$ cat upload.cif   # mmCIF, C-alpha atoms and all ligand atoms
data_my_file
#
loop_
_atom_site.group_PDB
_atom_site.id
_atom_site.type_symbol
_atom_site.label_atom_id
_atom_site.label_comp_id
_atom_site.auth_asym_id
_atom_site.auth_seq_id
_atom_site.Cartn_x
_atom_site.Cartn_y
_atom_site.Cartn_z
ATOM 1 C CA MET A 1 90.395 55.294 72.915
ATOM 2 C CA SER A 2 89.951 58.902 74.022
ATOM 3 C CA LYS A 3 86.909 60.793 72.686
ATOM 4 C CA THR A 4 87.605 63.946 70.677
ATOM 5 C CA GLN A 5 86.589 67.020 72.652
ATOM 6 C CA GLY A 6 88.462 69.908 71.030
ATOM 7 C CA ARG A 7 91.072 69.892 73.792
ATOM 8 C CA VAL A 8 93.467 71.999 71.681
ATOM 9 C CA GLU A 9 90.868 73.759 69.528
ATOM 10 C CA ASP A 10 92.224 76.880 67.799
ATOM 11 C CA LYS A 11 95.825 76.196 68.814
ATOM 12 C CA VAL A 12 98.627 76.301 66.232
ATOM 13 C CA ALA A 13 101.243 73.583 66.777
ATOM 14 C CA ILE A 14 104.556 72.658 65.146
ATOM 15 C CA VAL A 15 105.762 69.041 65.541
ATOM 16 C CA THR A 16 109.356 68.351 64.461
ATOM 17 C CA GLY A 17 110.201 64.840 63.324
ATOM 18 C CA GLY A 18 106.463 64.481 62.808
ATOM 19 C CA ALA A 19 106.746 62.185 59.783
ATOM 20 C CA GLN A 20 106.715 58.931 61.763
ATOM 21 C CA GLY A 21 106.889 57.276 65.170
ATOM 22 C CA LEU A 22 106.246 59.322 68.307
ATOM 23 C CA GLY A 23 106.027 62.549 66.282
ATOM 24 C CA GLU A 24 103.290 61.150 64.071
ATOM 25 C CA ALA A 25 101.334 59.983 67.127
ATOM 26 C CA ALA A 26 101.529 63.534 68.519
ATOM 27 C CA VAL A 27 100.389 64.943 65.171
ATOM 28 C CA ALA A 28 97.432 62.536 65.112
ATOM 29 C CA ARG A 29 96.241 63.440 68.636
ATOM 30 C CA LEU A 30 96.693 67.197 68.178
ATOM 31 C CA CYS A 31 94.841 67.158 64.836
ATOM 32 C CA ALA A 32 92.022 65.005 66.240
ATOM 33 C CA GLU A 33 91.560 67.458 69.130
ATOM 34 C CA GLY A 34 91.242 70.523 66.903
ATOM 35 C CA ALA A 35 94.719 72.040 66.534
ATOM 36 C CA SER A 36 96.165 73.370 63.283
ATOM 37 C CA VAL A 37 99.310 71.262 63.026
ATOM 38 C CA ILE A 38 102.442 71.847 60.968
ATOM 39 C CA VAL A 39 104.561 68.719 60.516
ATOM 40 C CA CYS A 40 108.249 69.600 60.121
ATOM 41 C CA ASP A 41 110.718 66.915 59.125
ATOM 42 C CA ALA A 42 113.983 66.425 57.232
ATOM 43 C CA ASN A 43 112.270 63.606 55.306
ATOM 44 C CA ALA A 44 109.971 65.543 52.961
ATOM 45 C CA THR A 45 108.370 62.520 51.268
ATOM 46 C CA ALA A 46 107.317 60.863 54.518
ATOM 47 C CA GLY A 47 106.457 64.220 56.110
ATOM 48 C CA GLU A 48 104.111 65.221 53.277
ATOM 49 C CA ARG A 49 102.419 61.807 53.408
ATOM 50 C CA THR A 50 101.917 61.899 57.168
ATOM 51 C CA ALA A 51 100.649 65.477 57.142
ATOM 52 C CA HIS A 52 98.111 64.577 54.466
ATOM 53 C CA ARG A 53 96.969 61.496 56.405
ATOM 54 C CA HIS A 54 96.065 63.555 59.482
ATOM 55 C CA GLY A 55 94.870 66.796 57.884
ATOM 56 C CA ALA A 56 98.023 68.729 58.859
ATOM 57 C CA SER A 57 100.390 70.914 56.793
ATOM 58 C CA PHE A 58 104.007 70.121 56.012
ATOM 59 C CA LEU A 59 107.153 72.274 55.977
ATOM 60 C CA PRO A 60 110.623 70.789 55.396
ATOM 61 C CA LEU A 61 113.058 71.399 58.272
ATOM 62 C CA ASP A 62 116.490 70.212 59.329
ATOM 63 C CA VAL A 63 116.368 71.103 63.032
ATOM 64 C CA CYS A 64 120.153 71.752 63.100
ATOM 65 C CA GLN A 65 119.857 74.707 60.690
ATOM 66 C CA GLU A 66 118.980 78.018 62.353
ATOM 67 C CA ALA A 67 118.117 79.769 59.062
ATOM 68 C CA GLN A 68 115.522 77.060 58.381
ATOM 69 C CA TRP A 69 113.970 77.565 61.830
ATOM 70 C CA GLU A 70 113.698 81.314 61.166
ATOM 71 C CA ALA A 71 112.050 80.640 57.810
ATOM 72 C CA ILE A 72 109.462 78.131 59.057
ATOM 73 C CA ILE A 73 108.468 80.212 62.106
ATOM 74 C CA ALA A 74 108.058 83.254 59.845
ATOM 75 C CA GLN A 75 105.922 81.167 57.480
ATOM 76 C CA VAL A 76 103.739 79.832 60.304
ATOM 77 C CA LEU A 77 103.198 83.340 61.698
ATOM 78 C CA ALA A 78 102.342 84.629 58.218
ATOM 79 C CA SER A 79 99.861 81.786 57.571
ATOM 80 C CA TYR A 80 98.276 81.313 61.017
ATOM 81 C CA GLY A 81 99.041 84.597 62.835
ATOM 82 C CA LYS A 82 100.483 82.894 65.934
ATOM 83 C CA LEU A 83 102.277 79.898 67.434
ATOM 84 C CA ASP A 84 100.866 78.183 70.550
ATOM 85 C CA VAL A 85 102.703 74.851 70.733
ATOM 86 C CA LEU A 86 106.106 73.507 69.682
ATOM 87 C CA VAL A 87 106.916 69.809 70.018
ATOM 88 C CA ASN A 88 110.707 69.345 69.716
ATOM 89 C CA ASN A 89 110.557 65.656 68.837
ATOM 90 C CA ALA A 90 113.072 65.135 65.975
ATOM 91 C CA GLY A 91 115.919 62.970 67.190
ATOM 92 C CA ILE A 92 118.432 60.285 66.284
ATOM 93 C CA PHE A 93 119.596 57.303 68.340
ATOM 94 C CA SER A 94 123.175 56.235 68.856
ATOM 95 C CA SER A 95 124.894 53.474 70.805
ATOM 96 C CA CYS A 96 128.676 53.209 70.793
ATOM 97 C CA PRO A 97 131.415 52.593 73.385
ATOM 98 C CA ILE A 98 133.022 55.947 74.207
ATOM 99 C CA ASP A 99 136.517 54.768 73.272
ATOM 100 C CA GLU A 100 135.313 53.842 69.783
ATOM 101 C CA MET A 101 133.111 56.864 69.125
ATOM 102 C CA THR A 102 134.371 59.466 66.658
ATOM 103 C CA LEU A 103 134.117 63.162 67.448
ATOM 104 C CA GLN A 104 132.056 63.593 64.289
ATOM 105 C CA ALA A 105 129.500 60.961 65.360
ATOM 106 C CA PHE A 106 129.253 62.465 68.874
ATOM 107 C CA GLU A 107 128.759 65.976 67.499
ATOM 108 C CA ARG A 108 126.057 64.804 65.073
ATOM 109 C CA VAL A 109 123.922 63.352 67.894
ATOM 110 C CA ILE A 110 124.347 66.534 69.963
ATOM 111 C CA ALA A 111 123.533 68.673 66.906
ATOM 112 C CA VAL A 112 120.219 66.969 66.140
ATOM 113 C CA ASN A 113 118.982 66.132 69.650
ATOM 114 C CA LEU A 114 120.263 69.038 71.752
ATOM 115 C CA THR A 115 121.178 71.923 69.425
ATOM 116 C CA GLY A 116 118.025 71.246 67.382
ATOM 117 C CA SER A 117 115.913 71.517 70.557
ATOM 118 C CA PHE A 118 117.767 74.687 71.618
ATOM 119 C CA LEU A 119 117.077 76.336 68.255
ATOM 120 C CA GLY A 120 113.426 75.325 68.409
ATOM 121 C CA CYS A 121 113.026 76.729 71.934
ATOM 122 C CA LYS A 122 114.798 79.962 70.993
ATOM 123 C CA HIS A 123 112.643 80.723 67.965
ATOM 124 C CA ALA A 124 109.396 79.452 69.498
ATOM 125 C CA VAL A 125 109.889 81.678 72.569
ATOM 126 C CA ARG A 126 110.420 84.669 70.280
ATOM 127 C CA ALA A 127 107.186 83.857 68.446
ATOM 128 C CA MET A 128 105.175 83.048 71.596
ATOM 129 C CA LYS A 129 106.186 86.319 73.266
ATOM 130 C CA ARG A 130 104.229 88.027 70.469
ATOM 131 C CA ASN A 131 100.988 86.315 71.574
ATOM 132 C CA PRO A 132 98.517 88.563 73.466
ATOM 133 C CA GLU A 133 99.385 89.092 77.148
ATOM 134 C CA GLY A 134 98.551 86.079 79.313
ATOM 135 C CA VAL A 135 98.238 83.652 76.373
ATOM 136 C CA GLY A 136 101.816 82.351 76.346
ATOM 137 C CA GLY A 137 102.469 78.945 74.824
ATOM 138 C CA SER A 138 103.650 75.393 75.457
ATOM 139 C CA ILE A 139 106.992 73.894 74.411
ATOM 140 C CA ILE A 140 107.332 70.122 74.720
ATOM 141 C CA ASN A 141 110.801 68.609 74.434
ATOM 142 C CA LEU A 142 111.283 64.888 73.788
ATOM 143 C CA SER A 143 114.049 63.674 76.062
ATOM 144 C CA SER A 144 114.213 60.000 77.137
ATOM 145 C CA VAL A 145 114.612 57.860 80.238
ATOM 146 C CA THR A 146 118.208 57.921 78.991
ATOM 147 C CA GLY A 147 118.135 61.639 79.864
ATOM 148 C CA LEU A 148 117.585 60.670 83.513
ATOM 149 C CA ARG A 149 120.308 58.068 83.933
ATOM 150 C CA GLY A 150 123.302 56.755 82.006
ATOM 151 C CA GLN A 151 123.312 53.876 79.523
ATOM 152 C CA VAL A 152 125.976 51.532 78.179
ATOM 153 C CA GLY A 153 126.886 52.999 74.773
ATOM 154 C CA GLY A 154 125.051 56.196 75.655
ATOM 155 C CA ALA A 155 127.892 58.745 75.751
ATOM 156 C CA ALA A 156 126.342 60.806 72.961
ATOM 157 C CA TYR A 157 122.637 59.907 73.244
ATOM 158 C CA ALA A 158 122.394 60.177 77.047
ATOM 159 C CA SER A 159 124.422 63.411 77.034
ATOM 160 C CA SER A 160 122.103 64.916 74.442
ATOM 161 C CA LYS A 161 118.936 63.825 76.253
ATOM 162 C CA GLY A 162 120.259 64.879 79.670
ATOM 163 C CA GLY A 163 120.986 68.256 78.078
ATOM 164 C CA VAL A 164 117.418 68.456 76.774
ATOM 165 C CA ARG A 165 116.159 67.868 80.344
ATOM 166 C CA LEU A 166 117.986 70.913 81.748
ATOM 167 C CA LEU A 167 117.464 73.042 78.631
ATOM 168 C CA THR A 168 113.766 72.485 79.334
ATOM 169 C CA LYS A 169 113.935 73.588 82.968
ATOM 170 C CA SER A 170 115.985 76.675 82.049
ATOM 171 C CA VAL A 171 113.537 77.730 79.334
ATOM 172 C CA ALA A 172 110.684 77.133 81.806
ATOM 173 C CA MET A 173 112.288 79.313 84.515
ATOM 174 C CA GLU A 174 113.153 82.106 82.127
ATOM 175 C CA ASN A 175 109.762 82.356 80.438
ATOM 176 C CA ALA A 176 107.188 81.523 83.114
ATOM 177 C CA ARG A 177 106.490 85.253 83.494
ATOM 178 C CA TYR A 178 105.188 85.221 79.886
ATOM 179 C CA GLN A 179 103.020 82.136 80.571
ATOM 180 C CA ILE A 180 105.281 80.220 78.185
ATOM 181 C CA ARG A 181 105.543 76.710 79.640
ATOM 182 C CA CYS A 182 108.264 74.207 78.792
ATOM 183 C CA ASN A 183 108.237 70.542 79.821
ATOM 184 C CA SER A 184 110.201 67.438 78.893
ATOM 185 C CA VAL A 185 108.789 64.016 78.070
ATOM 186 C CA HIS A 186 110.885 60.957 78.930
ATOM 187 C CA PRO A 187 109.716 57.879 77.018
ATOM 188 C CA GLY A 188 110.899 54.413 77.952
ATOM 189 C CA ILE A 189 111.135 51.885 75.144
ATOM 190 C CA MET A 190 108.366 52.648 72.666
ATOM 191 C CA GLN A 191 107.337 50.772 69.519
ATOM 192 C CA THR A 192 108.462 53.050 66.630
ATOM 193 C CA PRO A 193 110.669 52.763 63.505
ATOM 194 C CA MET A 194 113.599 53.950 65.701
ATOM 195 C CA PHE A 195 113.005 51.058 68.121
ATOM 196 C CA GLU A 196 112.613 48.556 65.255
ATOM 197 C CA ALA A 197 115.941 49.721 63.780
ATOM 198 C CA ILE A 198 117.609 49.100 67.167
ATOM 199 C CA LEU A 199 116.073 45.610 67.428
ATOM 200 C CA ASP A 200 117.276 44.784 63.900
ATOM 201 C CA LYS A 201 120.883 45.427 64.960
ATOM 202 C CA VAL A 202 120.722 43.136 68.003
ATOM 203 C CA ASP A 203 121.875 39.537 67.560
ATOM 204 C CA GLY A 204 119.111 36.988 68.089
ATOM 205 C CA ALA A 205 115.358 37.079 67.608
ATOM 206 C CA PRO A 206 113.812 40.584 67.695
ATOM 207 C CA ASP A 207 110.406 39.177 68.742
ATOM 208 C CA ALA A 208 111.936 37.398 71.743
ATOM 209 C CA LEU A 209 113.749 40.573 72.761
ATOM 210 C CA ARG A 210 110.579 42.654 72.407
ATOM 211 C CA THR A 211 108.735 40.157 74.640
ATOM 212 C CA HIS A 212 111.593 40.196 77.147
ATOM 213 C CA ILE A 213 111.569 44.011 77.344
ATOM 214 C CA GLY A 214 107.795 43.980 77.870
ATOM 215 C CA ASP A 215 108.115 41.373 80.624
ATOM 216 C CA GLN A 216 110.755 43.491 82.394
ATOM 217 C CA THR A 217 108.460 46.544 82.373
ATOM 218 C CA PRO A 218 106.208 46.841 85.476
ATOM 219 C CA LEU A 219 103.111 47.591 83.358
ATOM 220 C CA GLY A 220 103.899 44.492 81.288
ATOM 221 C CA ARG A 221 104.475 45.740 77.745
ATOM 222 C CA VAL A 222 106.603 47.839 75.405
ATOM 223 C CA GLY A 223 105.174 51.361 75.100
ATOM 224 C CA SER A 224 103.168 52.493 72.082
ATOM 225 C CA ALA A 225 103.596 55.730 70.145
ATOM 226 C CA GLU A 226 100.064 56.637 71.261
ATOM 227 C CA ASP A 227 101.189 56.580 74.916
ATOM 228 C CA ILE A 228 103.433 59.541 74.044
ATOM 229 C CA GLY A 229 100.846 61.186 71.763
ATOM 230 C CA ASP A 230 98.465 61.376 74.734
ATOM 231 C CA MET A 231 101.115 62.940 77.005
ATOM 232 C CA VAL A 232 102.010 65.506 74.337
ATOM 233 C CA LEU A 233 98.311 66.353 73.945
ATOM 234 C CA PHE A 234 97.978 66.926 77.712
ATOM 235 C CA LEU A 235 101.042 69.201 77.786
ATOM 236 C CA ALA A 236 99.848 71.111 74.703
ATOM 237 C CA SER A 237 96.377 71.657 76.157
ATOM 238 C CA ASP A 238 95.299 74.107 78.854
ATOM 239 C CA GLU A 239 94.726 71.094 81.146
ATOM 240 C CA SER A 240 98.453 71.375 81.964
ATOM 241 C CA ARG A 241 98.275 75.159 82.582
ATOM 242 C CA PHE A 242 100.070 74.887 85.991
ATOM 243 C CA VAL A 243 102.764 72.471 84.746
ATOM 244 C CA THR A 244 106.137 73.862 83.704
ATOM 245 C CA GLY A 245 109.733 72.704 84.048
ATOM 246 C CA ALA A 246 108.447 69.193 84.740
ATOM 247 C CA GLU A 247 109.836 65.879 83.508
ATOM 248 C CA MET A 248 107.016 63.569 82.453
ATOM 249 C CA VAL A 249 108.229 59.972 82.522
ATOM 250 C CA VAL A 250 106.198 57.647 80.277
ATOM 251 C CA ASP A 251 107.891 54.277 80.673
ATOM 252 C CA GLY A 252 105.410 51.836 82.202
ATOM 253 C CA GLY A 253 107.210 52.170 85.539
ATOM 254 C CA ALA A 254 110.562 50.958 84.196
ATOM 255 C CA THR A 255 112.652 53.613 85.997
ATOM 256 C CA ALA A 256 110.440 53.970 89.093
ATOM 257 C CA GLY A 257 112.483 51.630 91.253
ATOM 258 C CA LEU A 258 113.977 48.220 91.695
ATOM 259 C CA PRO A 259 111.691 45.240 90.962
ATOM 260 C CA TYR A 260 112.496 43.529 94.304
HETATM 261 N N1 LIG B 1 111.204 55.180 70.330
HETATM 262 C C1 LIG B 1 111.708 55.176 71.552
HETATM 263 O O1 LIG B 1 111.765 54.119 72.204
HETATM 264 C C2 LIG B 1 112.187 56.455 72.195
HETATM 265 C C3 LIG B 1 112.530 56.415 73.548
HETATM 266 C C4 LIG B 1 112.981 57.580 74.169
HETATM 267 C C5 LIG B 1 113.056 58.768 73.466
HETATM 268 N N2 LIG B 1 112.724 58.788 72.140
HETATM 269 C C6 LIG B 1 112.849 60.091 71.440
HETATM 270 O O2 LIG B 1 111.609 60.419 70.847
HETATM 271 C C7 LIG B 1 111.812 61.125 69.619
HETATM 272 C C8 LIG B 1 111.108 60.399 68.487
HETATM 273 O O3 LIG B 1 111.577 59.074 68.433
HETATM 274 P P1 LIG B 1 111.001 58.010 67.385
HETATM 275 O O4 LIG B 1 111.210 56.672 67.988
HETATM 276 O O5 LIG B 1 109.644 58.392 66.920
HETATM 277 O O6 LIG B 1 112.077 58.199 66.196
HETATM 278 P P2 LIG B 1 111.978 57.849 64.622
HETATM 279 O O7 LIG B 1 113.375 57.587 64.180
HETATM 280 O O8 LIG B 1 110.955 56.808 64.387
HETATM 281 O O9 LIG B 1 111.484 59.245 63.999
HETATM 282 C C9 LIG B 1 112.291 60.394 64.094
HETATM 283 C C10 LIG B 1 111.843 61.429 63.071
HETATM 284 O O10 LIG B 1 112.742 62.555 63.183
HETATM 285 C C11 LIG B 1 113.135 62.957 61.871
HETATM 286 N N3 LIG B 1 114.451 63.613 61.931
HETATM 287 C C12 LIG B 1 115.652 63.040 62.208
HETATM 288 N N4 LIG B 1 116.633 63.958 62.117
HETATM 289 C C13 LIG B 1 116.043 65.143 61.800
HETATM 290 C C14 LIG B 1 116.525 66.461 61.576
HETATM 291 N N5 LIG B 1 117.840 66.760 61.646
HETATM 292 N N6 LIG B 1 115.625 67.439 61.298
HETATM 293 C C15 LIG B 1 114.298 67.151 61.216
HETATM 294 N N7 LIG B 1 113.788 65.924 61.368
HETATM 295 C C16 LIG B 1 114.654 64.919 61.672
HETATM 296 C C17 LIG B 1 113.155 61.659 61.058
HETATM 297 O O11 LIG B 1 113.074 61.921 59.667
HETATM 298 C C18 LIG B 1 111.927 60.936 61.619
HETATM 299 O O12 LIG B 1 110.752 61.301 60.923
HETATM 300 C C19 LIG B 1 113.337 61.210 69.441
HETATM 301 O O13 LIG B 1 113.803 62.445 69.943
HETATM 302 C C20 LIG B 1 113.842 60.058 70.288
HETATM 303 O O14 LIG B 1 115.169 60.251 70.725
HETATM 304 C C21 LIG B 1 112.290 57.657 71.502
#

$ encode --input "upload.cif" --output "structure tokens"
Amino acid sequence: MSKTQGRVEDKVAIVTGGAQGLGEAAVARLCAEGASVIVCDANATAGERTAHRHGASFLPLDVCQEAQWEAIIAQVLASYGKLDVLVNNAGIFSSCPIDEMTLQAFERVIAVNLTGSFLGCKHAVRAMKRNPEGVGGSIINLSSVTGLRGQVGGAAYASSKGGVRLLTKSVAMENARYQIRCNSVHPGIMQTPMFEAILDKVDGAPDALRTHIGDQTPLGRVGSAEDIGDMVLFLASDESRFVTGAEMVVDGGATAGLPY
């Protein structure tokens, strides 16, 4: 794959939900390209293991808890002296008809996916404003193609991911003057534990469904976690220095248009 060239050398990066899936792929690429990476996850056992595997550090974090955000940012600033990159990746999936969805279930999805991203942006901006003038930082928010259009069963998930899309643009507008960039990433269907858990719940053969989804995708396959890791690396690096408020769709062409 890509050669290592120190594309994020000397940068300090936090990746939430970094224990597995897309978050782990981002951790792997950022570590390989020279960043000091802090994996933050609610699952401490998996988070510690993943951090160790890639030469990163681990701090436990429930992204819904503001006091925990304050504590981990303070710890990162004390240990590394700065914060350059935040990847707001932690998220949960949900699919439920709106007339069967409980208020509690709806609020939980919003709390993790949208409020968690808001809290991350808020405290990262505060930290990044302390960087020397002109240095700024890069915030990368994981939305979804379901943040660009609706989905059957998506009342909570699509609402949360659509919210992340406009949270991103607002943070970008507000903080461009500090060279703090903020972009959203919109994955299509990617091969991760979250995707496998969805397949397991569908009636029928998961392998056949996986093949079907790949066949329906213009580039002919289900996405890999590494496809997102590479996009996160680009947005974290100075190669994306003129990119802010953008929505980076990584879906093999699935939402580009009609196939006829
Ligand atoms: N996999 C896909 O097809 C896909 C598609 C579009 C968008 N996404 C988004 O990408 C992100 C990562 O997805 P994934 O497939 O790797 O998911 P995953 O379920 O495989 O991993 C999610 C990680 O987030 C952590 N997490 C969950 N709740 C948390 C909380 N409250 N605080 C801290 N950590 C928490 C989990 O412990 C886990 O390590 C999510 O935001 C997801 O919505 C995924």

$ atom_distance --input "upload.cif" --atom1 "atom CA of A:Ala25" --atom2 "atom CA of A:Ala236"
13.5 Å

$ closest_atom_pairs --input "upload.cif" --of "chain A" --to "ligand LIG 1 (chain B)" --cutoff "7 Å" --atoms "all atoms listed in the file" --output "Markdown table"
| residue | atom | partner | partner_atom | distance |
| --- | --- | --- | --- | --- |
| A:Thr16 | CA | B:LIG1 | N7 | 5.9 |
| A:Gly17 | CA | B:LIG1 | O10 | 3.4 |
| A:Gly18 | CA | B:LIG1 | O12 | 5.7 |
| A:Ala19 | CA | B:LIG1 | O12 | 4.3 |
| A:Gln20 | CA | B:LIG1 | O12 | 4.8 |
| A:Gly21 | CA | B:LIG1 | O5 | 3.4 |
| A:Leu22 | CA | B:LIG1 | O5 | 3.8 |
| A:Gly23 | CA | B:LIG1 | O5 | 5.5 |
| A:Cys40 | CA | B:LIG1 | C15 | 6.6 |
| A:Asp41 | CA | B:LIG1 | N7 | 3.9 |
| A:Ala42 | CA | B:LIG1 | C15 | 4.1 |
| A:Asn43 | CA | B:LIG1 | O11 | 4.7 |
| A:Leu61 | CA | B:LIG1 | C15 | 5.3 |
| A:Asp62 | CA | B:LIG1 | N6 | 3.5 |
| A:Val63 | CA | B:LIG1 | N6 | 4.1 |
| A:Cys64 | CA | B:LIG1 | N5 | 5.7 |
| A:Asn89 | CA | B:LIG1 | O13 | 4.7 |
| A:Ala90 | CA | B:LIG1 | O10 | 3.8 |
| A:Gly91 | CA | B:LIG1 | O13 | 3.5 |
| A:Ile92 | CA | B:LIG1 | O14 | 5.5 |
| A:Phe93 | CA | B:LIG1 | O14 | 5.8 |
| A:Val112 | CA | B:LIG1 | N5 | 5.1 |
| A:Asn113 | CA | B:LIG1 | O13 | 6.4 |
| A:Leu142 | CA | B:LIG1 | O13 | 5.2 |
| A:Ser143 | CA | B:LIG1 | C5 | 5.6 |
| A:Ser144 | CA | B:LIG1 | C4 | 4.0 |
| A:Val145 | CA | B:LIG1 | C4 | 6.3 |
| A:His186 | CA | B:LIG1 | C4 | 6.2 |
| A:Pro187 | CA | B:LIG1 | C4 | 4.3 |
| A:Gly188 | CA | B:LIG1 | C3 | 5.1 |
| A:Ile189 | CA | B:LIG1 | O1 | 3.7 |
| A:Met190 | CA | B:LIG1 | O1 | 3.7 |
| A:Gln191 | CA | B:LIG1 | N1 | 5.9 |
| A:Thr192 | CA | B:LIG1 | O4 | 4.7 |
| A:Pro193 | CA | B:LIG1 | O8 | 4.1 |
| A:Met194 | CA | B:LIG1 | O7 | 3.9 |
| A:Phe195 | CA | B:LIG1 | N1 | 5.0 |

$ atom_distance --input "upload.cif" --atom1 "atom CA of A:Thr115" --atom2 "atom CA of A:Ile73"
16.8 Å

$ atom_distance --input "upload.cif" --atom1 "atom CA of A:Ile140" --atom2 "atom CA of A:Cys121"
9.2 Å

$ closest_residue --input "upload.cif" --among "A:Ala32, A:Ile38, A:Val164, A:Ala26" --to "A:Arg7" --atoms "only C-alpha atoms"
A:Ala32

$ resolve_selection --input "upload.cif" --expression "the PyMOL selection byres (((chain A and resi 95-105) around 9) and not hetatm)" --output "NGL selection string"
:A and (93-94 or 106-110 or 151-157)

$ write_last_selection --input "upload.cif" --atoms "C-alpha atoms" --output "mmCIF file, in the coordinates of the input"
data_model
loop_
_atom_site.group_PDB
_atom_site.id
_atom_site.type_symbol
_atom_site.label_atom_id
_atom_site.label_comp_id
_atom_site.auth_asym_id
_atom_site.auth_seq_id
_atom_site.Cartn_x
_atom_site.Cartn_y
_atom_site.Cartn_z
ATOM 1 C CA PHE A 93 119.596 57.303 68.340
ATOM 2 C CA SER A 94 123.175 56.235 68.856
ATOM 3 C CA PHE A 106 129.253 62.465 68.874
ATOM 4 C CA GLU A 107 128.759 65.976 67.499
ATOM 5 C CA ARG A 108 126.057 64.804 65.073
ATOM 6 C CA VAL A 109 123.922 63.352 67.894
ATOM 7 C CA ILE A 110 124.347 66.534 69.963
ATOM 8 C CA GLN A 151 123.312 53.876 79.523
ATOM 9 C CA VAL A 152 125.976 51.532 78.179
ATOM 10 C CA GLY A 153 126.886 52.999 74.773
ATOM 11 C CA GLY A 154 125.051 56.196 75.655
ATOM 12 C CA ALA A 155 127.892 58.745 75.751
ATOM 13 C CA ALA A 156 126.342 60.806 72.961
ATOM 14 C CA TYR A 157 122.637 59.907 73.244
#

$ residues_around --input "upload.cif" --residues "A:Ala246" --least-positions-apart "4" --cutoff "8 Å" --atoms "all atoms listed in the file" --output "number ranges by chain"
A: 169, 182-184

$ residues_around --input "upload.cif" --residues "A:Leu219" --least-positions-apart "2" --cutoff "9 Å" --atoms "all atoms listed in the file" --output "PyMOL selection string"
chain A and resi 214-217+221-222+251-254

$ residues_around --input "upload.cif" --residues "A:Arg130" --least-positions-apart "5" --cutoff "12 Å" --atoms "all atoms listed in the file" --output "ChimeraX atom specification"
/A:77,81-84,123-125,135-137,178-180

$ closest_residue --input "upload.cif" --among "A:Asn88, A:Thr255, A:Ser138, A:Ser159" --to "A:Leu119" --atoms "only C-alpha atoms"
A:Asn88

$ closest_residue --input "upload.cif" --among "A:Leu209, A:Met231, A:Ala197, A:Met173" --to "A:Thr244" --atoms "only C-alpha atoms"
A:Met173

$ closest_residue --input "upload.cif" --among "A:Arg181, A:Ile228, A:Arg29, A:Gln68" --to "A:Ser240" --atoms "all atoms listed in the file"
A:Arg181

$ residues_near_point --input "upload.cif" --point "(115.5, 79.7, 71.7)" --cutoff "12 Å" --atoms "only C-alpha atoms" --output "ChimeraX atom specification"
/A:66,69-70,73,86,88,114-129,139,167-168,170-172,174-175,182

$ residues_around --input "upload.cif" --residues "A:Glu48" --least-positions-apart "3" --cutoff "8 Å" --atoms "only C-alpha atoms" --output "MDAnalysis selection string"
chainID A and resid 19 44:45 51:52 57:58

$ closest_residue --input "upload.cif" --among "A:Val87, A:Ala67, A:Ala176, A:Val12" --to "A:Gly245" --atoms "all atoms listed in the file"
A:Ala176

$ residues_around --input "upload.cif" --residues "A:Thr4" --least-positions-apart "5" --cutoff "12 Å" --atoms "only C-alpha atoms" --output "compact mmCIF listing (two decimals) with C-alpha atoms, in the coordinates of the input"
# COMPACT_ATOMS: atom_id res chain seq x y z
CA GLU A 9 90.87 73.76 69.53
CA ALA A 28 97.43 62.54 65.11
CA ARG A 29 96.24 63.44 68.64
CA LEU A 30 96.69 67.20 68.18
CA CYS A 31 94.84 67.16 64.84
CA ALA A 32 92.02 65.00 66.24
CA GLU A 33 91.56 67.46 69.13
CA GLY A 34 91.24 70.52 66.90
CA ALA A 35 94.72 72.04 66.53
CA ASP A 230 98.46 61.38 74.73
CA LEU A 233 98.31 66.35 73.94

$ decode --input "upload.cif" --residues "stretch 132-137 of chain A" --atoms "N, CA, C and O atoms" --output "compact mmCIF listing (two decimals), in the first residue's frame"
# COMPACT_ATOMS: atom_id res chain seq x y z
N PRO A 132 0.52 27.81 18.58
CA PRO A 132 1.10 29.06 18.09
C PRO A 132 0.33 29.60 16.89
O PRO A 132 -0.25 28.82 16.12
N GLU A 133 0.34 30.93 16.71
CA GLU A 133 -0.45 31.56 15.65
C GLU A 133 -0.13 30.93 14.29
O GLU A 133 1.04 30.70 13.96
N GLY A 134 -1.17 30.65 13.52
CA GLY A 134 -0.98 30.10 12.18
C GLY A 134 -0.91 28.58 12.14
O GLY A 134 -0.96 27.99 11.06
N VAL A 135 -0.77 27.92 13.30
CA VAL A 135 -0.63 26.46 13.31
C VAL A 135 -2.01 25.80 13.20
O VAL A 135 -2.24 24.92 12.39
N GLY A 136 -2.95 26.25 14.01
CA GLY A 136 -4.31 25.72 13.94
C GLY A 136 -4.41 24.24 14.27
O GLY A 136 -3.72 23.74 15.16
N GLY A 137 -5.26 23.54 13.52
CA GLY A 137 -5.46 22.11 13.78
C GLY A 137 -6.47 21.56 12.79
O GLY A 137 -7.00 22.28 11.93
